[in-house]
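Here the structure comes first, spelled out in C-alpha cells, and everything after it is commentary.
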Amino acid sequence: MSKKNKGDNRGIVFSTDPNFKFEEESREEAATLPPAQQQLRVQLDSKQRAGKVVTLVYGFVGTDDDLEALGKQLKNYCGTGGSVKDGEIIIQGDQREKIMQFLQKNGYSKTKKVGG
C-alpha cells in the first residue's frame with residue numbers, strides 16, 4: 001500500500017467532502033494520584049497463560065508513563081520479568097508478598113490482596 005492511500009488509525013482512507021478534516025481524539029490521561037491515595041489491587045492469575053502463574057497489579061490512577069515506571073520498579077524489586085498492558089502491571093510468578101511489601105514500603109498504603 002502506498003503512502004498516498006494510507007488512512008488514519010480509524011480506517012478512513014478517502015472522503016468526497018472537500019471540507020473534511022480528521023478529528024483527533026482528545027484522550028486525556030488522568031493526573032497521577034499520590035501513592036497514599038492509590039487503591040491498588042494485587043491478584044494471582046493463570047487464565048489463558050498456558051498454566052503459568054502471574055501476579056497482576058491493577059487499579060492504578062495516573063499517566064501511562066508513571067504506570068510504566070512503577071512496573072519497572074516492581075520487576076527490579078522482584079528480580080523477574082513482566083510487562084505493563086491495558087492499565088495492569090503483570091509480574092511473572094507468584095510475587096504477591098514481595099509486591100505487597102514493596103508497595104507498603106513506598107507509601108501505597110491502600111493496597112489490598114484480592115483472591116486466594
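Ordering of the C-alpha cells sets the chain letters (A, B, ...); residue numbers start at 1 within each chain; ligands are numbered from 1 in the order shown.
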Using only C-alpha atoms, determine which residues lie at most 8 Å from Val54 of chain A, disregarding the query and same-chain residues fewer than 4 positions distant; provide the list as an NGL selection string.
:A and (44-46 or 90-95)
Write out as an mmCIF file with all heavy atoms, in the first residue's frame all residues of segment 31-116 of chain A that DSSP puts in alpha helix (DSSP H) for this structure's backbone.
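Here's the written file states-v1.cif:
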data_model
loop_
_atom_site.group_PDB
_atom_site.id
_atom_site.type_symbol
_atom_site.label_atom_id
_atom_site.label_comp_id
_atom_site.auth_asym_id
_atom_site.auth_seq_id
_atom_site.Cartn_x
_atom_site.Cartn_y
_atom_site.Cartn_z
ATOM 1 N N ASP A 64 0.308 6.856 31.782
ATOM 2 C CA ASP A 64 0.921 5.607 31.336
ATOM 3 C C ASP A 64 2.405 5.566 31.697
ATOM 4 O O ASP A 64 2.937 4.512 32.038
ATOM 5 C CB ASP A 64 0.749 5.425 29.830
ATOM 6 C CG ASP A 64 -0.702 5.143 29.451
ATOM 7 O OD1 ASP A 64 -1.492 4.757 30.334
ATOM 8 O OD2 ASP A 64 -1.043 5.316 28.261
ATOM 9 N N ASP A 65 3.070 6.725 31.614
ATOM 10 C CA ASP A 65 4.495 6.771 31.937
ATOM 11 C C ASP A 65 4.746 6.416 33.401
ATOM 12 O O ASP A 65 5.697 5.705 33.730
ATOM 13 C CB ASP A 65 5.072 8.155 31.633
ATOM 14 C CG ASP A 65 5.139 8.433 30.143
ATOM 15 O OD1 ASP A 65 5.106 7.476 29.340
ATOM 16 O OD2 ASP A 65 5.227 9.620 29.768
ATOM 17 N N ASP A 66 3.894 6.929 34.309
ATOM 18 C CA ASP A 66 4.054 6.629 35.728
ATOM 19 C C ASP A 66 3.768 5.157 36.010
ATOM 20 O O ASP A 66 4.418 4.540 36.843
ATOM 21 C CB ASP A 66 3.144 7.525 36.573
ATOM 22 C CG ASP A 66 3.590 8.981 36.544
ATOM 23 O OD1 ASP A 66 4.764 9.243 36.222
ATOM 24 O OD2 ASP A 66 2.757 9.859 36.832
ATOM 25 N N LEU A 67 2.783 4.594 35.288
ATOM 26 C CA LEU A 67 2.479 3.174 35.445
ATOM 27 C C LEU A 67 3.659 2.327 34.965
ATOM 28 O O LEU A 67 4.042 1.352 35.618
ATOM 29 C CB LEU A 67 1.209 2.814 34.663
ATOM 30 C CG LEU A 67 0.731 1.373 34.764
ATOM 31 C CD1 LEU A 67 0.347 1.018 36.191
ATOM 32 C CD2 LEU A 67 -0.454 1.144 33.844
ATOM 33 N N GLU A 68 4.246 2.711 33.831
ATOM 34 C CA GLU A 68 5.432 2.006 33.316
ATOM 35 C C GLU A 68 6.572 2.066 34.334
ATOM 36 O O GLU A 68 7.263 1.083 34.558
ATOM 37 C CB GLU A 68 5.906 2.643 31.997
ATOM 38 C CG GLU A 68 5.012 2.381 30.822
ATOM 39 C CD GLU A 68 5.289 1.045 30.149
ATOM 40 O OE1 GLU A 68 6.291 0.380 30.484
ATOM 41 O OE2 GLU A 68 4.471 0.657 29.307
ATOM 42 N N ALA A 69 6.770 3.236 34.943
ATOM 43 C CA ALA A 69 7.852 3.404 35.921
ATOM 44 C C ALA A 69 7.629 2.505 37.134
ATOM 45 O O ALA A 69 8.563 1.859 37.617
ATOM 46 C CB ALA A 69 7.947 4.864 36.353
ATOM 47 N N LEU A 70 6.384 2.443 37.623
ATOM 48 C CA LEU A 70 6.076 1.569 38.762
ATOM 49 C C LEU A 70 6.281 0.109 38.380
ATOM 50 O O LEU A 70 6.833 -0.675 39.157
ATOM 51 C CB LEU A 70 4.643 1.808 39.248
ATOM 52 C CG LEU A 70 4.184 0.945 40.420
ATOM 53 C CD1 LEU A 70 5.064 1.180 41.641
ATOM 54 C CD2 LEU A 70 2.727 1.227 40.750
ATOM 55 N N GLY A 71 5.864 -0.262 37.171
ATOM 56 C CA GLY A 71 6.066 -1.627 36.692
ATOM 57 C C GLY A 71 7.537 -1.996 36.648
ATOM 58 O O GLY A 71 7.931 -3.089 37.051
ATOM 59 N N LYS A 72 8.352 -1.076 36.186
ATOM 60 C CA LYS A 72 9.796 -1.328 36.111
ATOM 61 C C LYS A 72 10.387 -1.500 37.511
ATOM 62 O O LYS A 72 11.207 -2.389 37.742
ATOM 63 C CB LYS A 72 10.478 -0.173 35.371
ATOM 64 C CG LYS A 72 11.936 -0.406 35.110
ATOM 65 C CD LYS A 72 12.510 0.627 34.190
ATOM 66 C CE LYS A 72 13.949 0.270 33.896
ATOM 67 N NZ LYS A 72 14.533 1.058 32.861
ATOM 68 N N GLN A 73 9.956 -0.654 38.453
ATOM 69 C CA GLN A 73 10.446 -0.771 39.828
ATOM 70 C C GLN A 73 10.054 -2.119 40.431
ATOM 71 O O GLN A 73 10.865 -2.765 41.102
ATOM 72 C CB GLN A 73 9.868 0.355 40.694
ATOM 73 C CG GLN A 73 10.411 1.718 40.376
ATOM 74 C CD GLN A 73 9.681 2.813 41.125
ATOM 75 O OE1 GLN A 73 8.525 2.658 41.512
ATOM 76 N NE2 GLN A 73 10.358 3.935 41.344
ATOM 77 N N LEU A 74 8.812 -2.554 40.183
ATOM 78 C CA LEU A 74 8.362 -3.834 40.721
ATOM 79 C C LEU A 74 9.134 -5.002 40.117
ATOM 80 O O LEU A 74 9.519 -5.944 40.826
ATOM 81 C CB LEU A 74 6.860 -4.022 40.479
ATOM 82 C CG LEU A 74 5.932 -3.209 41.373
ATOM 83 C CD1 LEU A 74 4.497 -3.318 40.902
ATOM 84 C CD2 LEU A 74 6.051 -3.642 42.815
ATOM 85 N N LYS A 75 9.379 -4.953 38.811
ATOM 86 C CA LYS A 75 10.139 -6.021 38.158
ATOM 87 C C LYS A 75 11.551 -6.098 38.732
ATOM 88 O O LYS A 75 12.063 -7.179 38.996
ATOM 89 C CB LYS A 75 10.193 -5.808 36.641
ATOM 90 C CG LYS A 75 8.868 -6.070 35.951
ATOM 91 C CD LYS A 75 8.990 -6.058 34.452
ATOM 92 C CE LYS A 75 9.238 -4.658 33.939
ATOM 93 N NZ LYS A 75 9.241 -4.554 32.485
ATOM 94 N N ASN A 76 12.180 -4.934 38.931
ATOM 95 C CA ASN A 76 13.530 -4.912 39.501
ATOM 96 C C ASN A 76 13.529 -5.453 40.925
ATOM 97 O O ASN A 76 14.405 -6.221 41.305
ATOM 98 C CB ASN A 76 14.105 -3.488 39.483
ATOM 99 C CG ASN A 76 14.515 -3.062 38.098
ATOM 100 O OD1 ASN A 76 14.702 -3.887 37.216
ATOM 101 N ND2 ASN A 76 14.632 -1.764 37.894
ATOM 102 N N TYR A 77 12.547 -5.046 41.717
ATOM 103 C CA TYR A 77 12.474 -5.470 43.112
ATOM 104 C C TYR A 77 12.269 -6.978 43.222
ATOM 105 O O TYR A 77 12.874 -7.636 44.055
ATOM 106 C CB TYR A 77 11.345 -4.723 43.831
ATOM 107 C CG TYR A 77 11.264 -5.024 45.300
ATOM 108 C CD1 TYR A 77 12.159 -4.441 46.196
ATOM 109 C CD2 TYR A 77 10.306 -5.890 45.798
ATOM 110 C CE1 TYR A 77 12.098 -4.717 47.538
ATOM 111 C CE2 TYR A 77 10.233 -6.179 47.149
ATOM 112 C CZ TYR A 77 11.131 -5.589 48.022
ATOM 113 O OH TYR A 77 11.066 -5.860 49.364
ATOM 114 N N CYS A 78 11.396 -7.518 42.364
ATOM 115 C CA CYS A 78 11.103 -8.953 42.402
ATOM 116 C C CYS A 78 12.176 -9.778 41.704
ATOM 117 O O CYS A 78 12.233 -10.992 41.878
ATOM 118 C CB CYS A 78 9.744 -9.241 41.761
ATOM 119 S SG CYS A 78 8.366 -8.560 42.686
ATOM 120 N N ARG A 96 3.163 -12.050 45.094
ATOM 121 C CA ARG A 96 2.232 -11.216 45.855
ATOM 122 C C ARG A 96 2.858 -10.633 47.125
ATOM 123 O O ARG A 96 2.697 -9.452 47.404
ATOM 124 C CB ARG A 96 0.977 -12.004 46.216
ATOM 125 C CG ARG A 96 0.106 -12.304 45.014
ATOM 126 C CD ARG A 96 -1.069 -13.153 45.373
ATOM 127 N NE ARG A 96 -0.597 -14.488 45.765
ATOM 128 C CZ ARG A 96 -1.374 -15.482 46.105
ATOM 129 N NH1 ARG A 96 -2.682 -15.321 46.122
ATOM 130 N NH2 ARG A 96 -0.884 -16.657 46.436
ATOM 131 N N GLU A 97 3.570 -11.472 47.893
ATOM 132 C CA GLU A 97 4.149 -10.989 49.155
ATOM 133 C C GLU A 97 5.207 -9.914 48.912
ATOM 134 O O GLU A 97 5.222 -8.887 49.583
ATOM 135 C CB GLU A 97 4.745 -12.158 49.949
ATOM 136 C CG GLU A 97 3.703 -13.142 50.446
ATOM 137 C CD GLU A 97 2.621 -12.488 51.306
ATOM 138 O OE1 GLU A 97 2.933 -11.603 52.121
ATOM 139 O OE2 GLU A 97 1.445 -12.870 51.143
ATOM 140 N N LYS A 98 6.091 -10.158 47.942
ATOM 141 C CA LYS A 98 7.133 -9.176 47.634
ATOM 142 C C LYS A 98 6.525 -7.864 47.143
ATOM 143 O O LYS A 98 6.964 -6.783 47.528
ATOM 144 C CB LYS A 98 8.080 -9.715 46.554
ATOM 145 C CG LYS A 98 9.212 -10.523 47.065
ATOM 146 C CD LYS A 98 10.164 -10.829 45.924
ATOM 147 C CE LYS A 98 11.402 -11.505 46.414
ATOM 148 N NZ LYS A 98 12.328 -11.815 45.340
ATOM 149 N N ILE A 99 5.512 -7.967 46.269
ATOM 150 C CA ILE A 99 4.885 -6.764 45.720
ATOM 151 C C ILE A 99 4.189 -5.981 46.826
ATOM 152 O O ILE A 99 4.309 -4.761 46.908
ATOM 153 C CB ILE A 99 3.913 -7.128 44.582
ATOM 154 C CG1 ILE A 99 4.709 -7.591 43.360
ATOM 155 C CG2 ILE A 99 3.009 -5.966 44.233
ATOM 156 C CD1 ILE A 99 3.883 -8.131 42.225
ATOM 157 N N MET A 100 3.464 -6.681 47.707
ATOM 158 C CA MET A 100 2.798 -6.012 48.826
ATOM 159 C C MET A 100 3.828 -5.307 49.707
ATOM 160 O O MET A 100 3.632 -4.174 50.118
ATOM 161 C CB MET A 100 1.988 -7.017 49.653
ATOM 162 C CG MET A 100 0.740 -7.526 48.973
ATOM 163 S SD MET A 100 -0.467 -6.244 48.603
ATOM 164 C CE MET A 100 -0.939 -5.749 50.242
ATOM 165 N N GLN A 101 4.935 -5.992 49.979
ATOM 166 C CA GLN A 101 5.992 -5.428 50.811
ATOM 167 C C GLN A 101 6.551 -4.155 50.160
ATOM 168 O O GLN A 101 6.709 -3.125 50.818
ATOM 169 C CB GLN A 101 7.085 -6.488 50.966
ATOM 170 C CG GLN A 101 8.205 -6.142 51.879
ATOM 171 C CD GLN A 101 9.225 -7.283 51.941
ATOM 172 O OE1 GLN A 101 9.260 -8.165 51.080
ATOM 173 N NE2 GLN A 101 10.054 -7.262 52.953
ATOM 174 N N PHE A 102 6.836 -4.219 48.857
ATOM 175 C CA PHE A 102 7.380 -3.059 48.137
ATOM 176 C C PHE A 102 6.394 -1.889 48.157
ATOM 177 O O PHE A 102 6.768 -0.754 48.437
ATOM 178 C CB PHE A 102 7.699 -3.453 46.687
ATOM 179 C CG PHE A 102 8.154 -2.292 45.843
ATOM 180 C CD1 PHE A 102 9.485 -1.909 45.821
ATOM 181 C CD2 PHE A 102 7.258 -1.570 45.066
ATOM 182 C CE1 PHE A 102 9.914 -0.836 45.055
ATOM 183 C CE2 PHE A 102 7.670 -0.501 44.295
ATOM 184 C CZ PHE A 102 9.006 -0.137 44.294
ATOM 185 N N LEU A 103 5.121 -2.177 47.842
ATOM 186 C CA LEU A 103 4.127 -1.105 47.758
ATOM 187 C C LEU A 103 3.887 -0.459 49.123
ATOM 188 O O LEU A 103 3.782 0.769 49.216
ATOM 189 C CB LEU A 103 2.819 -1.633 47.162
ATOM 190 C CG LEU A 103 2.897 -2.064 45.690
ATOM 191 C CD1 LEU A 103 1.606 -2.746 45.267
ATOM 192 C CD2 LEU A 103 3.192 -0.877 44.787
ATOM 193 N N GLN A 104 3.816 -1.256 50.187
ATOM 194 C CA GLN A 104 3.614 -0.698 51.535
ATOM 195 C C GLN A 104 4.808 0.188 51.920
ATOM 196 O O GLN A 104 4.635 1.270 52.472
ATOM 197 C CB GLN A 104 3.449 -1.824 52.569
ATOM 198 C CG GLN A 104 2.213 -2.680 52.372
ATOM 199 C CD GLN A 104 0.910 -1.949 52.658
ATOM 200 O OE1 GLN A 104 0.865 -1.015 53.427
ATOM 201 N NE2 GLN A 104 -0.156 -2.398 52.006
ATOM 202 N N LYS A 105 6.017 -0.290 51.600
ATOM 203 C CA LYS A 105 7.235 0.451 51.938
ATOM 204 C C LYS A 105 7.308 1.781 51.192
ATOM 205 O O LYS A 105 7.872 2.749 51.697
ATOM 206 C CB LYS A 105 8.447 -0.427 51.599
ATOM 207 C CG LYS A 105 9.768 0.113 52.104
ATOM 208 C CD LYS A 105 10.872 -0.908 51.953
ATOM 209 C CE LYS A 105 11.273 -1.045 50.508
ATOM 210 N NZ LYS A 105 12.451 -1.890 50.313
#
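In this model, the gap between atom CA of Val42 of chain A and atom CA of Val61 of chain A comes to 14.6 Å.
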Extract, using only C-alpha atoms, all DNA, RNA and protein residues at most 9 Å from Leu33 of chain A, discarding same-chain residues fewer than 2 positions from it, and format them as a ChimeraX atom specification.
/A:30-31,35-38,60-62
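Straight-line separation from atom CA of Lys113 of chain A to atom CA of Ala50 of chain A: 23.2 Å.
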Mind checking DSSP for segment 49-116 of chain A and telling me the strand (DSSP E or B) residues as a PyMOL selection string?
chain A and resi 54-58+82-85+88-92+112-114
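Considering only C-alpha atoms, the residue among A:Thr111, A:Thr16, A:Asn106, A:Thr63 positioned nearest to Asp86 of chain A is A:Thr63.
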